[in-house]
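Below is one structure, written out as structure tokens, with a few remarks after it.
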Amino acid sequence: MSDATLKARPGFSIRRIDMAAVAPFIALAILLIAGVFVNENFFSVNNLVNVATRAAFTAIIGVGATFVISAGGLDLSVGSMTAFVASLMIMFLNSGIIADPLTMLFAGVAVALILGAVCGLGNGLITTVGRIEPFIATLGTMGVLRGLTTWLSQGGSITLQNSDIENFYHPVYFGELLGIPIPIIFIAVTAIVGAFILYRTPYGRHVVAVGSSEDVARYSGIAVGRVRTVTYIIQGLCVGIAVLLYVPRLSAANATTGLLWELQAITAVVVGGTALRGGVGRIWGTICGAFILEIVGNIMLLSNFISEYLIGAVQGAIIIVAMLVQRSLMRRS
Amino acid sequence: MSSISDAPAPFVLEGRHLSKSFGPVEVLSDVSVALTPGEVHAVVGENGAGKSTLMKILAGHLMPTHGAIVLDGKEVSFSGPVDAERHGIVLVHQEILLAPHLTVAQNIFMGRELTRGISVNDREMNRQAAEAVQALGADIAPTMTVSRLSIAQRQLVQIARALHVPHRVAIFDEPTASLTPFEVEAVLKVIRDIKAKGVAVLYISHRLTEVAAIADRVTVLRDGKHIATRNAADLAPVDMARLMVGRDVSRLYPERPPEPTSEPILEVQSVDVPGFASGASFAVRPGEILGFAGLIGAGRTELLEGVVGLRPHRGEIRFKGRPVTFHTVRDSMHHGIVYLSEDRKGKGLLLTRDLPTNLTLSALSHFVRGPVIDRGKEEAALTEAIGEFDIRAARRDMLAGQLSGGNQQKLLLAKMMLLDPDVIVIDEPTRGIDIGTKQQIYKFIAELAARGKAIIVISSEMQELIGICHRILVMHHGKIVGEVSGEAMTESEIVVYATGVKTAATATVTAGAA
């Protein structure tokens, strides 16, 4: 390392890149230590497992957002999409078109995943074929999907009515496998698959290439539009997976389901070290970012000196601080 | 080196025994240079010879590690480029540093806007900008947005911006790197004009014939060291090249591969690239090196980008005798046609990525085991490419953006060769590349042709086309207007076509004035 450091020239330095990657993990470690001082209950296995479980939605959606953002895109519609997909999944489960509750549940799972993917495909096509800025395109679908959810629920709530299905489904959020809460397993599997695709496959390499330079990617013969569209489909699938956890948790969806989740997901991605301008994707950083957000909230809840009503303000501040830290790591030469 | 006395110096600006180190690396070592008013002093050297470091020190962008800057016989120290400008030293950058969405006048006055009361005085700025641009012999409206200008026009605006500051010393960093011979002449005229006004000019260029045409004195640098300072009249370009490289380079161009005889592999019939080129027809045979000459904006790049599917185009293309349609560049790549962009940094390589990632990007499907990228195979390919194309990387884990221009070009060539193409289109193969590497690139091109590849070279350097091609097509205003080959491949013949037959007489006059 010392040898590489010596040779490193200003502008680019190997050490800097490593710093940007490990910074979120250092922040997480500092938070864990800080938590101990705030409240002795913080470091209990129970509390930490709880925090990790609650981070599941942000983490899983964040994995998808990592793909979209590292390819140079953005998806603001994930929160509305969660509400929309959850509503339709519950309505499907309530429809009773399949008698056997377990078969019905599996069909419902398929519906949620397919719906998520289709919504993602829609976002992808609007931005690539329609050539509309991702910010605007997904701002539009965010409104459309939220509005559709409000309409479907007629302003109220859509509740799962079949108690057999509910009994089968309940453990998916509240249950454990080998002593590990199932949502944590969901996070792990989504992240491992995501990391595998992003880091090890040609598709993942293409995602990063498109995010680094669309021109270079195009001149290199990469199907830029297809690569981008698929990132939105992956994002939609991740929303579908999050819905699979959301429905058994509350057995209901309404117009405020997933409100501001897009902000949470983007914050997790950026805090995790993924560059918002594209070209760098860090799946494990995103998971770390989701945990950071949840732990900050948890510490505030456990502490006596900061009102928990300030959680939103603090999380908002985190994204700014994270950007400032990223920037200073960039500038250091 | 002349000895330095305490008497009033004839020099306006001197660098005395300048050295500069970045960390443990010394990039400039004990170099002295002295500029006389009314004289053009050229600094030549290969990439990495220390030319730009020397220039940046003299213009206040860098502080020397050792040595002194002497202005009018007094030692000075610049706190930065603005301080140097205040002392009358201006620098014309090689890269275009203009705000594309602002007008010509707004760019020229950026940071030193004229005001009337609290509002900017656009009328006065436009008037002065128009004067400044006209003084350079250019006809550009001051209210024109920079993004609508050609590269050459932008370069002239940039020169106008630099020269707008009162100055006694003007430093030009390869101002002609992206210009065609015709446009180069305009820039050289500007330099002669300011020289006649008593300005001391420091001129940095790769183009040695240009240096010979403009310079009064020439300083040669090599590996950060001062090699020689001579009167330009005593130093022919070939001697400059020898001093720069440290060995004989009279044989810059390799032996031309044998004349191709087989049937054409790529035939283009009446192809239009809307807005850029129309009615273009040409064919290239395996083993042939076909050149495309023309002025900037003649549509050479756009025509070939159209042919390979990077731009919308109409017309008939036949590949190996069969009609083909290239909707995207992927289609032509699958058939075995590759295009190497002139914009290596913007369109060729991912500058913030490492070498194997760049090398295998186009051919990634050859580097998988199951669904997974085979990193070992990528590393092996890099080792092979480094050997075959002599890519000189200080470390294997460096980023593509850290390579020198020449090595970036070699990496780009290696990247495209992984696709095992039959037709290779290279746009400006040696732009911004030092002479030693140029020689290597020419050798690679000749070898590829000898192996039966069809090669199309687009270049603004006529000498290089004449040196390596079997045949040269000349474009003017989006049309192929002429073809030269054999004995007829001369600069004057190409210029006649490139400038349009009607303006051929003008071109001859201008060339004669050089």
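Residue numbers start at 1 in each chain; chains themselves are named A, B, ... in the order of the structure tokens; ligands are numbered from 1 in the order shown.
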Q: Do a neighbour search on Gln235 of chain A at 8 Å with only C-alpha atoms, toss out local chain neighbours closer than 6 positions, and write the hits as a count of residues only.
A: 9
Report task. Just the alpha helix (DSSP H) stuff from segment 3-75 of chain B, please, per backbone DSSP, written as a ChimeraX atom specification. Result -> /B:51-58
Would you mind exporting the chosen residues as a PDB file, in the first residue's frame, restricted to C-alpha atoms?
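This went into again-v8.pdb:
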ATOM      1  CA  LYS B  51       6.744  21.132 -22.181  1.00  0.00           C
ATOM      2  CA  SER B  52       3.432  21.747 -20.466  1.00  0.00           C
ATOM      3  CA  THR B  53       5.032  21.798 -17.011  1.00  0.00           C
ATOM      4  CA  LEU B  54       7.473  24.477 -18.185  1.00  0.00           C
ATOM      5  CA  MET B  55       4.641  26.448 -19.698  1.00  0.00           C
ATOM      6  CA  LYS B  56       2.485  26.159 -16.598  1.00  0.00           C
ATOM      7  CA  ILE B  57       5.320  27.404 -14.399  1.00  0.00           C
ATOM      8  CA  LEU B  58       5.899  30.425 -16.635  1.00  0.00           C
TER       9      LEU B  58
END
What are the nearest atom pairs, with distances in Å to one decimal, for all residues of chain A that come at most 6 Å from chain B, using only C-alpha atoms, set out by chain and rising residue number as JSON lines?
{"residue": "A:Arg200", "atom": "CA", "partner": "B:Val372", "partner_atom": "CA", "distance": 5.3}
{"residue": "A:Thr201", "atom": "CA", "partner": "B:Val372", "partner_atom": "CA", "distance": 4.7}
{"residue": "A:Asp215", "atom": "CA", "partner": "B:Lys347", "partner_atom": "CA", "distance": 5.1}
{"residue": "A:Val216", "atom": "CA", "partner": "B:Lys347", "partner_atom": "CA", "distance": 4.0}
{"residue": "A:Ser220", "atom": "CA", "partner": "B:Ser362", "partner_atom": "CA", "distance": 5.0}
{"residue": "A:Gly221", "atom": "CA", "partner": "B:Arg330", "partner_atom": "CA", "distance": 4.7}
Would you mind exporting the chosen residues as a compact mmCIF listing (two decimals), in the first residue's frame, restricted to C-alpha atoms?
# COMPACT_ATOMS: atom_id res chain seq x y z
CA ARG A 200 -19.62 -10.21 -11.65
CA THR A 201 -21.73 -10.28 -14.81
CA ASP A 215 -20.99 7.94 -25.34
CA VAL A 216 -18.16 5.54 -24.62
CA SER A 220 -18.29 0.37 -27.61
CA GLY A 221 -21.39 -1.32 -28.97
note - atom CA of Thr138 of chain A and atom CA of Val111 of chain A are separated by 21.9 Å
Have a look at atom CA of Glu95 of chain B and atom CA of Arg154 of chain B and let me know their distance in Å, one decimal.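 Answer for the atom CA of Glu95 of chain B to atom CA of Arg154 of chain B separation: 10.1 Å.
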Show me, as a PDB file with C-alpha atoms, in the first residue's frame, the residues that have an atom within 9 Å of segment 168-175 of chain A when counting only C-alpha atoms, minus same-chain residues fewer than 5 positions from it.
ATOM      1  CA  THR A  53     -35.582  -5.789  10.182  1.00  0.00           C
ATOM      2  CA  PRO A 101     -55.007 -20.393   0.136  1.00  0.00           C
ATOM      3  CA  LEU A 102     -51.359 -21.450  -0.276  1.00  0.00           C
ATOM      4  CA  LEU A 105     -50.598 -16.829  -1.967  1.00  0.00           C
ATOM      5  CA  SER A 163     -57.675 -15.117   7.236  1.00  0.00           C
ATOM      6  CA  ILE A 180     -32.748 -15.076  11.800  1.00  0.00           C
ATOM      7  CA  PRO A 181     -35.767 -12.858  11.113  1.00  0.00           C
ATOM      8  CA  ILE A 182     -36.983 -13.534   7.590  1.00  0.00           C
ATOM      9  CA  PRO A 183     -36.798  -9.857   6.467  1.00  0.00           C
ATOM     10  CA  LEU A 244     -43.878  -9.192  -0.319  1.00  0.00           C
ATOM     11  CA  LEU A 245     -42.654  -8.101   3.127  1.00  0.00           C
ATOM     12  CA  TYR A 246     -44.965  -5.132   3.453  1.00  0.00           C
ATOM     13  CA  VAL A 247     -48.267  -6.917   2.949  1.00  0.00           C
ATOM     14  CA  PRO A 248     -47.887  -9.500   5.761  1.00  0.00           C
ATOM     15  CA  ARG A 249     -46.658  -6.760   8.095  1.00  0.00           C
ATOM     16  CA  SER A 251     -52.196  -6.814   5.944  1.00  0.00           C
TER      17      SER A 251
END
query = What's the 12 Å shell around Ser153 of chain A, counting only C-alpha atoms, without same-chain residues fewer than 2 positions away, as a ChimeraX atom specification?
reply = /A:83-84,86-88,90-91,146-151,155-159,252-257
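For the pair atom CA of Val230 of chain A and atom CA of Trp261 of chain A, the interatomic distance is 21.1 Å.
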#### Entry: Contacts of Ile458 of chain B at 6 Å (only C-alpha atoms; same-chain gap of 6+ positions) as a list in words
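Once the adjacent positions are removed, what remains is Gly291, Phe292, Asp427 and Glu428 of chain B.
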Have a look at B:Ile296, B:Ile480, B:Val133, B:Val271 and name the one nearest to Thr325 of chain B; count only C-alpha atoms.
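Selected residue with least distance to Thr325 of chain B: B:Val271.
Per DSSP on the backbone, strand (DSSP E or B) in segment 142-289 of chain A comprises A:Ser157, A:Ile158, A:Thr159, A:Glu176, A:Leu177, A:Ile180, A:Pro181, A:Ala252, A:Ala253, A:Asn254.
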Using C-alpha atoms, can you export the residues from the last selection as a short mmCIF file (atom, residue, chain, number, x, y, z; two decimals), in the first residue's frame?
data_model
loop_
_atom_site.label_atom_id
_atom_site.label_comp_id
_atom_site.auth_asym_id
_atom_site.auth_seq_id
_atom_site.Cartn_x
_atom_site.Cartn_y
_atom_site.Cartn_z
CA SER A 157 -57.61 1.32 3.12
CA ILE A 158 -57.36 -1.98 1.23
CA THR A 159 -57.29 -4.81 3.76
CA GLU A 176 -37.58 -16.50 11.73
CA LEU A 177 -35.49 -19.04 9.86
CA ILE A 180 -32.75 -15.08 11.80
CA PRO A 181 -35.77 -12.86 11.11
CA ALA A 252 -53.33 -3.56 4.39
CA ALA A 253 -52.34 -0.79 2.04
CA ASN A 254 -53.58 2.75 1.64
#
ask   = Neighbours of segment 431-442 of chain B within 6 Å (only C-alpha atoms; same-chain residues fewer than 4 positions away dropped), as a VMD selection string?
value = chain B and resid 46 to 47 252 405 to 406
Can you pull out the residues contacting segment 481-486 of chain B? Cut-off 8 Å, using only C-alpha atoms, and skip same-chain residues under 5 positions away; I want them as an MDAnalysis selection string.
chainID B and resid 470:476 493:494 497:498 500
